[in-house]
Each structure stands twice: as C-alpha cells, then as structure tokens.
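Visitor: The file below is start25.tsv, TSV, C-alpha atoms:
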chain	number	residue	atom	x	y	z
A	1	ASP	CA	11.21	11.76	-6.76
A	2	VAL	CA	9.96	10.24	-3.53
A	3	LYS	CA	12.15	7.41	-2.43
A	4	VAL	CA	11.42	4.81	0.22
A	5	THR	CA	14.02	2.12	0.69
A	6	GLN	CA	13.94	-1.08	2.69
A	7	SER	CA	17.03	-2.79	4.06
A	8	SER	CA	16.52	-6.18	2.42
A	9	ARG	CA	14.50	-7.54	-0.51
A	10	TYR	CA	14.65	-11.12	0.76
A	11	LEU	CA	15.30	-12.44	4.25
A	12	VAL	CA	15.32	-15.97	5.66
A	13	LYS	CA	15.27	-16.42	9.42
A	14	ARG	CA	14.74	-19.25	11.89
A	15	THR	CA	11.93	-19.54	14.40
A	16	GLY	CA	12.75	-17.66	17.60
A	17	GLU	CA	15.26	-15.29	16.01
A	18	LYS	CA	14.98	-11.53	16.52
A	19	VAL	CA	14.42	-9.81	13.18
A	20	PHE	CA	14.95	-6.17	12.27
A	21	LEU	CA	13.43	-4.64	9.14
A	22	GLU	CA	14.54	-1.12	8.33
A	23	CYS	CA	12.88	1.55	6.23
A	24	VAL	CA	14.31	4.90	5.17
A	25	GLN	CA	12.54	7.75	3.35
A	26	ASP	CA	14.13	10.83	1.86
A	27	MET	CA	11.12	13.16	1.60
A	28	ASP	CA	11.02	14.53	5.16
A	29	HIS	CA	7.61	12.89	5.66
A	30	GLU	CA	6.04	13.00	9.11
A	31	ASN	CA	4.20	9.69	8.84
A	32	MET	CA	5.62	6.22	8.30
A	33	PHE	CA	3.82	2.89	8.14
A	34	TRP	CA	4.52	-0.83	8.24
A	35	TYR	CA	2.18	-3.25	6.47
A	36	ARG	CA	2.22	-6.93	5.75
A	37	GLN	CA	0.68	-8.37	2.62
A	38	ASP	CA	-0.58	-11.93	2.34
A	39	PRO	CA	-2.51	-13.65	-0.46
A	40	GLY	CA	-6.24	-13.34	0.11
A	41	LEU	CA	-5.81	-10.95	3.04
A	42	GLY	CA	-4.57	-7.86	1.25
A	43	LEU	CA	-2.52	-5.16	2.96
A	44	ARG	CA	-2.84	-5.03	6.73
A	45	LEU	CA	-1.42	-2.23	8.86
A	46	ILE	CA	0.92	-3.36	11.63
A	47	TYR	CA	2.12	-0.07	13.14
A	48	PHE	CA	2.49	3.54	12.12
A	49	SER	CA	4.36	6.56	13.41
A	50	TYR	CA	3.37	10.21	13.05
A	51	ASP	CA	6.50	11.74	14.55
A	52	VAL	CA	9.89	10.80	15.94
A	53	LYS	CA	9.52	8.47	18.93
A	54	MET	CA	5.74	8.36	18.45
A	55	LYS	CA	3.94	5.20	17.39
A	56	GLU	CA	0.43	3.85	17.09
A	57	LYS	CA	-0.81	0.28	16.78
A	58	GLY	CA	-2.41	-0.68	13.53
A	59	ASP	CA	-4.77	-3.57	12.92
A	60	ILE	CA	-2.37	-6.46	13.62
A	61	PRO	CA	0.39	-5.34	16.05
A	62	GLU	CA	0.71	-8.60	17.97
A	63	GLY	CA	4.20	-10.08	17.75
A	64	TYR	CA	5.73	-6.86	16.43
A	65	SER	CA	7.27	-3.70	17.80
A	66	VAL	CA	8.63	-0.58	16.11
A	67	SER	CA	11.21	2.11	16.64
A	68	ARG	CA	11.51	5.59	15.22
A	69	GLU	CA	14.55	7.40	16.57
A	70	LYS	CA	15.06	9.62	13.51
A	71	LYS	CA	12.46	11.19	11.23
A	72	GLU	CA	13.67	9.39	8.12
A	73	ARG	CA	13.97	5.91	9.61
A	74	PHE	CA	11.31	3.49	10.85
A	75	SER	CA	12.20	0.01	12.03
A	76	LEU	CA	9.98	-3.03	12.45
A	77	ILE	CA	11.10	-5.60	15.01
A	78	LEU	CA	10.00	-9.20	15.35
A	79	GLU	CA	11.09	-10.07	18.88
A	80	SER	CA	10.83	-13.84	18.34
A	81	ALA	CA	10.02	-14.76	14.77
A	82	SER	CA	7.39	-17.40	14.12
A	83	THR	CA	6.42	-19.21	10.94
A	84	ASN	CA	3.11	-17.33	10.74
A	85	GLN	CA	5.11	-14.14	10.28
A	86	THR	CA	6.32	-15.33	6.89
A	87	SER	CA	5.03	-12.60	4.61
A	88	MET	CA	5.78	-9.62	2.38
A	89	TYR	CA	6.50	-6.57	4.52
A	90	LEU	CA	5.91	-3.14	3.05
A	91	CYS	CA	6.96	0.23	4.41
A	92	ALA	CA	5.30	3.49	3.37
A	93	SER	CA	5.63	7.17	4.17
A	94	SER	CA	3.45	10.25	3.73
A	95	SER	CA	3.10	13.85	4.71
A	96	THR	CA	0.01	14.40	6.85
A	97	GLY	CA	-3.19	13.35	5.14
A	98	ASN	CA	-1.56	12.80	1.81
A	99	THR	CA	-0.50	10.03	-0.50
A	100	GLN	CA	1.43	7.11	0.93
A	101	TYR	CA	4.52	6.10	-1.01
A	102	PHE	CA	5.70	2.54	-0.68
A	103	GLY	CA	9.09	0.89	-0.59
A	104	PRO	CA	10.02	-2.18	-2.67
A	105	GLY	CA	9.06	-4.65	0.07
A	106	THR	CA	10.90	-7.32	2.05
A	107	ARG	CA	9.94	-10.94	1.50
A	108	LEU	CA	10.54	-12.60	4.89
A	109	THR	CA	10.58	-16.35	5.28
A	110	VAL	CA	10.66	-17.84	8.78
A	111	LEU	CA	11.70	-21.49	8.89
B	1	GLU	CA	-16.02	0.89	9.69
B	2	ASP	CA	-14.57	1.87	6.31
B	3	GLN	CA	-14.89	-0.71	3.56
B	4	VAL	CA	-13.45	-0.99	0.07
B	5	THR	CA	-14.56	-3.62	-2.44
B	6	GLN	CA	-12.86	-4.07	-5.78
B	7	SER	CA	-14.27	-5.91	-8.77
B	8	PRO	CA	-13.64	-8.01	-10.64
B	9	GLU	CA	-11.05	-10.00	-8.69
B	10	ALA	CA	-9.29	-10.86	-11.94
B	11	LEU	CA	-9.64	-9.53	-15.47
B	12	ARG	CA	-8.11	-10.91	-18.65
B	13	LEU	CA	-8.00	-8.67	-21.71
B	14	GLN	CA	-6.61	-8.88	-25.19
B	15	GLU	CA	-4.16	-6.17	-26.15
B	16	GLY	CA	-6.15	-3.17	-27.29
B	17	GLU	CA	-9.37	-4.27	-25.56
B	18	SER	CA	-10.48	-1.40	-23.31
B	19	SER	CA	-12.20	-2.05	-19.98
B	20	SER	CA	-12.80	-0.71	-16.48
B	21	LEU	CA	-11.97	-1.74	-12.94
B	22	ASN	CA	-14.38	-0.87	-10.13
B	23	CYS	CA	-13.74	0.26	-6.56
B	24	SER	CA	-16.81	0.63	-4.33
B	25	TYR	CA	-16.32	2.24	-0.97
B	26	THR	CA	-18.12	2.99	2.27
B	27	VAL	CA	-16.58	5.69	4.40
B	28	SER	CA	-18.05	8.20	6.82
B	29	GLY	CA	-16.24	11.07	5.13
B	30	LEU	CA	-13.85	10.76	2.23
B	31	ARG	CA	-10.58	12.64	2.42
B	32	GLY	CA	-9.10	10.91	-0.60
B	33	LEU	CA	-9.25	7.83	-2.82
B	34	PHE	CA	-6.00	6.36	-4.09
B	35	TRP	CA	-5.12	4.01	-6.93
B	36	TYR	CA	-1.92	1.99	-6.92
B	37	ARG	CA	-0.35	-0.47	-9.33
B	38	GLN	CA	1.57	-3.43	-7.91
B	39	ASP	CA	3.82	-5.75	-9.90
B	40	PRO	CA	4.53	-9.24	-8.53
B	41	GLY	CA	7.06	-9.20	-5.69
B	42	LYS	CA	7.23	-5.38	-5.57
B	43	GLY	CA	5.75	-2.57	-3.53
B	44	PRO	CA	2.66	-0.67	-4.70
B	45	GLU	CA	3.38	2.19	-7.07
B	46	PHE	CA	1.24	5.31	-6.70
B	47	LEU	CA	-0.97	6.20	-9.67
B	48	PHE	CA	-3.70	8.71	-8.70
B	49	THR	CA	-5.36	10.54	-5.85
B	50	LEU	CA	-8.99	11.68	-6.21
B	51	TYR	CA	-10.54	13.98	-3.64
B	52	SER	CA	-14.11	14.76	-4.64
B	53	ALA	CA	-16.97	13.36	-6.72
B	54	GLY	CA	-16.70	14.30	-10.36
B	55	GLU	CA	-12.92	14.49	-10.33
B	56	GLU	CA	-10.99	12.69	-13.08
B	57	LYS	CA	-7.28	12.08	-13.58
B	58	GLU	CA	-5.37	10.57	-16.49
B	59	LYS	CA	-1.99	9.04	-17.03
B	60	GLU	CA	-1.10	7.44	-20.35
B	61	ARG	CA	-3.70	4.70	-20.96
B	62	LEU	CA	-5.26	5.02	-17.50
B	63	LYS	CA	-8.08	7.29	-16.39
B	64	ALA	CA	-9.53	7.35	-12.88
B	65	THR	CA	-12.95	8.75	-12.04
B	66	LEU	CA	-14.79	9.23	-8.76
B	67	THR	CA	-18.43	9.34	-7.66
B	68	LYS	CA	-19.84	9.46	-4.13
B	69	LYS	CA	-19.92	5.67	-3.91
B	70	GLU	CA	-17.30	4.31	-6.29
B	71	SER	CA	-14.30	4.91	-8.43
B	72	PHE	CA	-13.45	3.49	-11.83
B	73	LEU	CA	-10.07	2.90	-13.37
B	74	HIS	CA	-10.55	2.93	-17.12
B	75	ILE	CA	-7.87	1.29	-19.24
B	76	THR	CA	-7.86	2.31	-22.89
B	77	ALA	CA	-6.17	0.09	-25.48
B	78	PRO	CA	-4.14	-1.81	-22.87
B	79	LYS	CA	-0.74	-3.31	-23.56
B	80	PRO	CA	0.85	-6.41	-21.99
B	81	GLU	CA	3.00	-4.16	-19.79
B	82	ASP	CA	-0.19	-2.93	-18.09
B	83	SER	CA	-0.55	-6.37	-16.53
B	84	ALA	CA	-0.40	-5.95	-12.74
B	85	THR	CA	-2.56	-5.89	-9.64
B	86	TYR	CA	-4.42	-2.61	-9.21
B	87	LEU	CA	-5.19	-1.55	-5.66
B	88	CYS	CA	-7.72	1.00	-4.47
B	89	ALA	CA	-7.60	2.62	-1.01
B	90	VAL	CA	-9.60	5.27	0.85
B	91	LEU	CA	-8.59	7.78	3.48
B	92	ASN	CA	-11.23	8.73	6.03
B	93	ALA	CA	-11.73	12.42	6.73
B	94	GLY	CA	-12.48	11.76	10.37
B	95	GLY	CA	-10.26	10.55	13.17
B	96	THR	CA	-6.59	11.43	13.24
B	97	SER	CA	-4.82	13.23	10.46
B	98	TYR	CA	-2.18	10.55	10.22
B	99	GLY	CA	-3.54	9.03	7.05
B	100	LYS	CA	-4.60	5.46	7.82
B	101	LEU	CA	-5.68	3.89	4.56
B	102	THR	CA	-8.26	1.18	4.03
B	103	PHE	CA	-7.31	-1.00	1.05
B	104	GLY	CA	-9.37	-3.16	-1.25
B	105	GLN	CA	-8.26	-6.67	-2.18
B	106	GLY	CA	-7.13	-5.61	-5.63
B	107	THR	CA	-7.91	-6.56	-9.22
B	108	ILE	CA	-5.40	-8.73	-11.04
B	109	LEU	CA	-5.21	-7.52	-14.64
B	110	THR	CA	-3.66	-9.69	-17.34
B	111	VAL	CA	-3.30	-8.32	-20.86
B	112	HIS	CA	-2.52	-10.88	-23.55
B	113	PRO	CA	-0.66	-9.88	-26.73
Reformat the file's structure so that it appears as structure tokens.

Guide:
Amino acid sequence: DVKVTQSSRYLVKRTGEKVFLECVQDMDHENMFWYRQDPGLGLRLIYFSYDVKMKEKGDIPEGYSVSREKKERFSLILESASTNQTSMYLCASSSTGNTQYFGPGTRLTVL
Amino acid sequence: EDQVTQSPEALRLQEGESSSLNCSYTVSGLRGLFWYRQDPGKGPEFLFTLYSAGEEKEKERLKATLTKKESFLHITAPKPEDSATYLCAVLNAGGTSYGKLTFGQGTILTVHP
C-alpha cells in the first residue's frame, strides 16, 4: 500500500512565526507535491519536486518555500506565517506521469 | 490552459437511488483522468485512473467512464457511507513529465438513509 504521511494533522501558529510542514512517502516516488485547499477555491498547487534538491513553482508559490534533501521527504516552509495562509495543506507523491497519492492533510490555523 | 468542470456542485440522493456525477474537461492532450474521493477533514483518496476514450473502471458501487470531452462517475444503489466529495483531475500529455494535475471543484454527494 502506498503511504504518504504528514507530520501534523492540526497546527496552530501565530502571525510571523516560521512554520515547517513535513511529508514522507514510502513508495520511492520521484515526484512530490504540496497543495493547499480552501473552500470555493479547490486544490491549488504551491510547489512540486521531481527529484532530490529539485523544485518547481506551482500556481501559488508566494510566501512559501520548499526543501527536498532526501527522496522520501518533502518539506513546506512558511517563512513568516500570515493569517491568509490558514488552510488545509495536502502533500502528494507520484512516480512520473502516474497517479498522485495524497497524505491525510494538515489543518493550519494562523492567529 | 487546462480546465476541469464538475457538475452538479452538490447532489443529494436517497439510499439506493442511482445517479451520475459529471466531469467535463478541456486539455490539449490527455495523459490521464483521475477520480478521487475526499471525506471531510481528510486527504483525497485515489479511486480510478482512465487513460483513453471508451475506457471504464469499476469498484464496488462506483463505475467511471471516459469520452473525449467528459467523464462520468456512476454510483449504483448508493449507501450513506458513499457520502463524500468526489474530485476529478486531468493530467496533460504535453509539457513536463512531472505530472501536474488540474483539479475540478468537486461534487459533494450526500446519501440519506
């Protein structure tokens, strides 16, 4: 079974804090993705990575950065959290061109 | 630009009342069309991948079909546990091979006992 895990299910942070969201997959997938999901806006791609240390901007990268030091791990970083980054964050992984498998999500609240 | 439109936005059914969800798409070249189920507060769960027009796939009470312009998710004799949001996404054959999906807004299905 494909397994994608995320470090936290729920997270509450204060404005201006640095936030790390971690994602780990156990299927040796090349590609990993970070999305955010908001009511009425659907899933929006923030960043993706197609190999270790490689990254590409998605549709809404502003205010975020990512890190992929190991193949199985992809981190999303909010350098200075703001209230408009309150959202559900979803990580996914895939082998090239194939189905994306999602993690359980992290509900982030920024106060 | 790839586009995916799902309809209806919300669907309420009685238990046992069969129906279909629609996913219309515009893409320059389709590499794959994906259906996911998402329960409240959870990540999307993969259901099906369809690759070419005419293809069909089934899983329990669900059957997905694909034409050149749209996909249907047919639900036969649904049960309350089928209540969820169903998401459709397409993968463009062009561009990079990294697999950037374009998602629809989803259909919220509620099945009443």

Visitor: Could you please select, counting only C-alpha atoms, the residues of chain B within 12 Å of chain A and state them as a ChimeraX atom specification?

Guide: /B:4-6,9,30-51,85-107

Visitor: For a quick check of understanding, using only C-alpha atoms, which of A:Ser82, A:Ser75, A:Ser67, A:Ser87 has the smallest distance to Leu111 of chain A?

Guide: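 Of A:Ser82, A:Ser75, A:Ser67, A:Ser87, the one nearest Leu111 of chain A is A:Ser82, counting only C-alpha atoms.
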
Visitor: Take atom CA of Gln85 of chain A and atom CA of Ser8 of chain A and report the distance between them in Å, one decimal.

Guide: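 It comes out at 16.0 Å.
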
Visitor: Determine the nearest neighbour of Ser7 of chain A from the options A:Thr109, A:Leu76, A:Arg68, A:Tyr47, counting only C-alpha atoms.

Guide: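 Checking each of A:Thr109, A:Leu76, A:Arg68, A:Tyr47 against Ser7 of chain A, counting only C-alpha atoms, the winner is A:Leu76.
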
Visitor: So that I can check the surroundings of Thr110 of chain B, please list as a ChimeraX atom specification every protein, DNA and RNA residue that reaches within 12 Å of it, counting only C-alpha atoms and ignoring chain neighbours fewer than 2 positions away.

Guide: /B:9-15,17,19,39,75,78-86,107-108,112-113
